[in-house]
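> Sharing a structure here in structure tokens format.
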Amino acid sequence: MSQAKSVAIIGAGPVGLAAAAHVLERGLEPIVLEAGDSVGHAMRQWGHVQLFSPWEYNIDKAAARLLAAAGWNSPEPERYPTGAEMVEHYLEPLADHTPLKQRIRTSSRVTGISRVGFDKMKTKGREKAPFEIRYQNGQGPKVIKADAVIDASGTWHSPNPAGANGLPAIGEKDVGGRIAYGMPDLLGSDCARYAGKTVAVLGAGHSAIGTLIDLAKLAEQAPDTRPIWLLRGSDPAKAFGGGANDKLAARGELGAAFAALVTSGRVEMESDFRVSHLIADGPRLVIAAISGCSARRVAADELIVATGFRPDLDFVRELRIRLDPAIECPVALAPLIDPNEHSCGTVRPHGARELAQDEPGFYFAGMKSYGRAPTFLMLTGYEQVRSIAADIAGDRNAAERVELVLPETGVCSRSPATDASNCCGGPALSDVDACCVADEKAKQQGTTGCGCAS
């Protein structure tokens with residue numbers, strides 16, 4: 001790829017714009033295609049949500065250098081921004097006041113990617129052919145060509161369904177008007193919809209926890225509001241996180257606050273609840289978990305599905321893509337992030353080598369690179385695109401160099417059958433009494449460790 005000149009970047013979120021900044025620094029030409037009508041389109045959908053990482057972890061270094069040259073004043077590094085503040089104070093200045101401005105095309109939804117003159121079946125010489133990227137805007141179908149492609153389109157618009165088997169629950173489409181996916185603005189624009197209602201929240205990740213905390217706050221204003229937590233698993237403690245051991249304090253505090261709500265009974269809980277059916281019963285929604293002769297039902301007014309997201313792979317199907325069959329992420333990345341192997345929010349830094357595909361010059365980055373896994377951090381995406389830009393430019397040393405240290409989560413659980421080499425960076429390398437690399441480093445620095453051994 002040392003002769004590459006142009007790089008198409010799909011998505012103008014934080015990672016997509018960071019990719020453009022790194023590509024530009026390498027003397028290459030980025031072309032950013034964003035499906036929404038503005039940069040940070042997906043982030044605007046959850047603009048009310050406060051990130052659990054402060055500004056210092058949310059600004060890419062190459063993007064910061066572009067902004068500094070434009071006279072930008074960086075936000076206070078210790079402050080925790082909301083999604084809306086990230087857009088207003090970082091993404092919009094980056095898109096409007098730096099050389100990236102002329103390289104971003106909004107309202108441009110990518111519909112397909114191939115090689116010029118080559119379908120998926122043809123092999124000989126395909127690596128020398130440029131990519132053909134088709135996209136749709138208000139003027140109709142458009143085509144651009146590029147020497148490399150970075151897909152940082154994210155997963156926000158592909159939420160997982162309510163069904164526990166990965167398929168939509170039976171009846172889910174029919175009752176769609178009573179279901180929201182992701183994180184509604186319960187204390188703001190969506191307050192009227194949920195105040196005074198019985199609201200079930202399905203999921204066990206940060207989105208579900210944050211939503212249930214907001215519902216508990218809403219109940220203080222509208223006492224008839226009744227939050228119900230639907231948990232597919234049997235152990236609610238897994239959702240409480242690392243608490244004080246979490247190096248991202250806001251993330252640890254989120255789990256601790258939620259644990260207190262569950263313990264106090266302000267949030268009702270139904271564990272081992274695997275949704276199979278959604279049924280309209282007059283003004284109520286019956287959420288059912290039916291398996292054989294066993295049937296459990298919860299009646300609610302509204303259901304919020306916060307079960308994560310999955311990648312939209314339709315527009316890359318003409319490329320030679322190799323993904324882990326379970327997680328739908330690049331094969332080399334899968335052992336680091338597979339929640340069946342461990343639940344560490346801390347994944348060792350990785351880059352072009354783990355993200356490259358059998359199609360030379362094509363890379364997944366950002367949330368989409370994680371497939372269905374739930375542990376992505378923005379800082380991880382910035383390291384990914386730094387490495388990818390270096391790889392495209394032919395700087396293999398920089399592509400393989402690690403330039404990131406991530407904050408520990410304070411918790412890591414492993415399956416008893418899991419090889420320790422897959423957990424928290426691999427097994428401990430020294431004589432320190434530690435179960436993995438992350439635990440070893442923490443104890444060498446005099447802290448209590450990463451939590452794996454607890």
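The chains in the structure tokens are called A, B, ... from first to last as shown; in each chain the residues are counted from 1, and the ligands are counted from 1 in the order shown.
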For Arg322 of chain A, find every residue with an atom within 8 Å (counting only C-alpha atoms), except residues of its own chain fewer than 4 positions away, and show them as a tab-separated table (two decimals) with C-alpha atoms, in the first residue's frame.

```tsv
chain	number	residue	atom	x	y	z
A	330	PRO	CA	-11.77	-9.36	12.33
A	331	VAL	CA	-10.51	-12.85	13.18
A	357	GLN	CA	-8.67	-8.10	5.76
A	358	ASP	CA	-7.92	-10.51	2.94
```
> Could you pull out the strand (DSSP E or B) residues of segment 66-269 of chain A from DSSP and send them as a PyMOL selection string?
chain A and resi 82+104-105+109-115+118+131-137+140-146+148-151+159+170+179-181+198-202+226-230+268-269
> Could you pull the residues within 10 Å of segment 37-50 of chain A, counting only C-alpha atoms, minus those fewer than 5 positions along the same chain, as a PyMOL selection string?
chain A and resi 11-17+32+80-88+90-92+94-96+104-109+137+153-157+182-189+207+210-211+250
> Among segment 353-407 of chain A, which ones does DSSP assign to alpha helix (DSSP H) (computed from the backbone)? Answer as a list in words.
Arg353, Glu354, Leu355, Met378, Leu379, Thr380, Gly381, Tyr382, Glu383, Gln384, Val385, Arg386, Ser387, Ile388, Ala389, Ala390, Asp391, Ile392, Arg396, Asn397, Ala398, Ala399 and Glu400 of chain A
> Could the residues in this selection be written to a file with N, CA and C atoms, as a PDB file, in the first residue's frame?

```pdb
ATOM      1  N   ARG A 353      -2.496  -4.706  11.897  1.00  0.00           N
ATOM      2  CA  ARG A 353      -2.263  -6.145  11.741  1.00  0.00           C
ATOM      3  C   ARG A 353      -3.503  -6.951  12.133  1.00  0.00           C
ATOM      4  N   GLU A 354      -4.175  -6.551  13.209  1.00  0.00           N
ATOM      5  CA  GLU A 354      -5.368  -7.274  13.658  1.00  0.00           C
ATOM      6  C   GLU A 354      -6.611  -6.916  12.844  1.00  0.00           C
ATOM      7  N   LEU A 355      -6.610  -5.745  12.225  1.00  0.00           N
ATOM      8  CA  LEU A 355      -7.815  -5.243  11.572  1.00  0.00           C
ATOM      9  C   LEU A 355      -7.831  -5.430  10.061  1.00  0.00           C
ATOM     10  N   MET A 378     -13.387   4.726  22.913  1.00  0.00           N
ATOM     11  CA  MET A 378     -13.042   5.640  21.833  1.00  0.00           C
ATOM     12  C   MET A 378     -11.525   5.719  21.625  1.00  0.00           C
ATOM     13  N   LEU A 379     -10.796   5.703  22.728  1.00  0.00           N
ATOM     14  CA  LEU A 379      -9.342   5.790  22.649  1.00  0.00           C
ATOM     15  C   LEU A 379      -8.758   4.608  21.876  1.00  0.00           C
ATOM     16  N   THR A 380      -9.404   3.455  21.999  1.00  0.00           N
ATOM     17  CA  THR A 380      -8.987   2.284  21.240  1.00  0.00           C
ATOM     18  C   THR A 380      -9.120   2.540  19.747  1.00  0.00           C
ATOM     19  N   GLY A 381     -10.223   3.177  19.357  1.00  0.00           N
ATOM     20  CA  GLY A 381     -10.429   3.488  17.942  1.00  0.00           C
ATOM     21  C   GLY A 381      -9.383   4.448  17.408  1.00  0.00           C
ATOM     22  N   TYR A 382      -8.978   5.413  18.224  1.00  0.00           N
ATOM     23  CA  TYR A 382      -7.947   6.358  17.784  1.00  0.00           C
ATOM     24  C   TYR A 382      -6.621   5.655  17.541  1.00  0.00           C
ATOM     25  N   GLU A 383      -6.295   4.701  18.402  1.00  0.00           N
ATOM     26  CA  GLU A 383      -5.064   3.933  18.193  1.00  0.00           C
ATOM     27  C   GLU A 383      -5.180   3.065  16.945  1.00  0.00           C
ATOM     28  N   GLN A 384      -6.349   2.515  16.721  1.00  0.00           N
ATOM     29  CA  GLN A 384      -6.562   1.710  15.513  1.00  0.00           C
ATOM     30  C   GLN A 384      -6.250   2.512  14.251  1.00  0.00           C
ATOM     31  N   VAL A 385      -6.841   3.698  14.131  1.00  0.00           N
ATOM     32  CA  VAL A 385      -6.688   4.451  12.884  1.00  0.00           C
ATOM     33  C   VAL A 385      -5.302   5.068  12.753  1.00  0.00           C
ATOM     34  N   ARG A 386      -4.640   5.345  13.871  1.00  0.00           N
ATOM     35  CA  ARG A 386      -3.238   5.783  13.782  1.00  0.00           C
ATOM     36  C   ARG A 386      -2.405   4.708  13.115  1.00  0.00           C
ATOM     37  N   SER A 387      -2.591   3.464  13.575  1.00  0.00           N
ATOM     38  CA  SER A 387      -1.846   2.338  13.026  1.00  0.00           C
ATOM     39  C   SER A 387      -2.236   2.067  11.580  1.00  0.00           C
ATOM     40  N   ILE A 388      -3.531   2.135  11.277  1.00  0.00           N
ATOM     41  CA  ILE A 388      -3.997   1.871   9.915  1.00  0.00           C
ATOM     42  C   ILE A 388      -3.435   2.898   8.934  1.00  0.00           C
ATOM     43  N   ALA A 389      -3.460   4.179   9.317  1.00  0.00           N
ATOM     44  CA  ALA A 389      -2.926   5.218   8.426  1.00  0.00           C
ATOM     45  C   ALA A 389      -1.449   4.983   8.150  1.00  0.00           C
ATOM     46  N   ALA A 390      -0.718   4.578   9.186  1.00  0.00           N
ATOM     47  CA  ALA A 390       0.701   4.275   8.997  1.00  0.00           C
ATOM     48  C   ALA A 390       0.882   3.096   8.046  1.00  0.00           C
ATOM     49  N   ASP A 391       0.036   2.087   8.181  1.00  0.00           N
ATOM     50  CA  ASP A 391       0.133   0.906   7.333  1.00  0.00           C
ATOM     51  C   ASP A 391      -0.162   1.250   5.879  1.00  0.00           C
ATOM     52  N   ILE A 392      -1.185   2.068   5.653  1.00  0.00           N
ATOM     53  CA  ILE A 392      -1.523   2.474   4.290  1.00  0.00           C
ATOM     54  C   ILE A 392      -0.378   3.266   3.665  1.00  0.00           C
ATOM     55  N   ARG A 396       5.568   0.510   8.226  1.00  0.00           N
ATOM     56  CA  ARG A 396       5.224  -0.691   8.985  1.00  0.00           C
ATOM     57  C   ARG A 396       5.677  -0.605  10.436  1.00  0.00           C
ATOM     58  N   ASN A 397       6.801   0.048  10.689  1.00  0.00           N
ATOM     59  CA  ASN A 397       7.262   0.193  12.076  1.00  0.00           C
ATOM     60  C   ASN A 397       6.241   0.960  12.912  1.00  0.00           C
ATOM     61  N   ALA A 398       5.743   2.059  12.378  1.00  0.00           N
ATOM     62  CA  ALA A 398       4.737   2.839  13.102  1.00  0.00           C
ATOM     63  C   ALA A 398       3.428   2.076  13.214  1.00  0.00           C
ATOM     64  N   ALA A 399       3.092   1.305  12.189  1.00  0.00           N
ATOM     65  CA  ALA A 399       1.846   0.545  12.211  1.00  0.00           C
ATOM     66  C   ALA A 399       1.849  -0.501  13.312  1.00  0.00           C
ATOM     67  N   GLU A 400       3.011  -1.078  13.600  1.00  0.00           N
ATOM     68  CA  GLU A 400       3.088  -2.142  14.598  1.00  0.00           C
ATOM     69  C   GLU A 400       3.457  -1.623  15.986  1.00  0.00           C
TER      70      GLU A 400
END
```
> Report, in Å to a single decimal, how far apart atom CA of Met269 of chain A and atom CA of Ile228 of chain A are.
5.7 Å
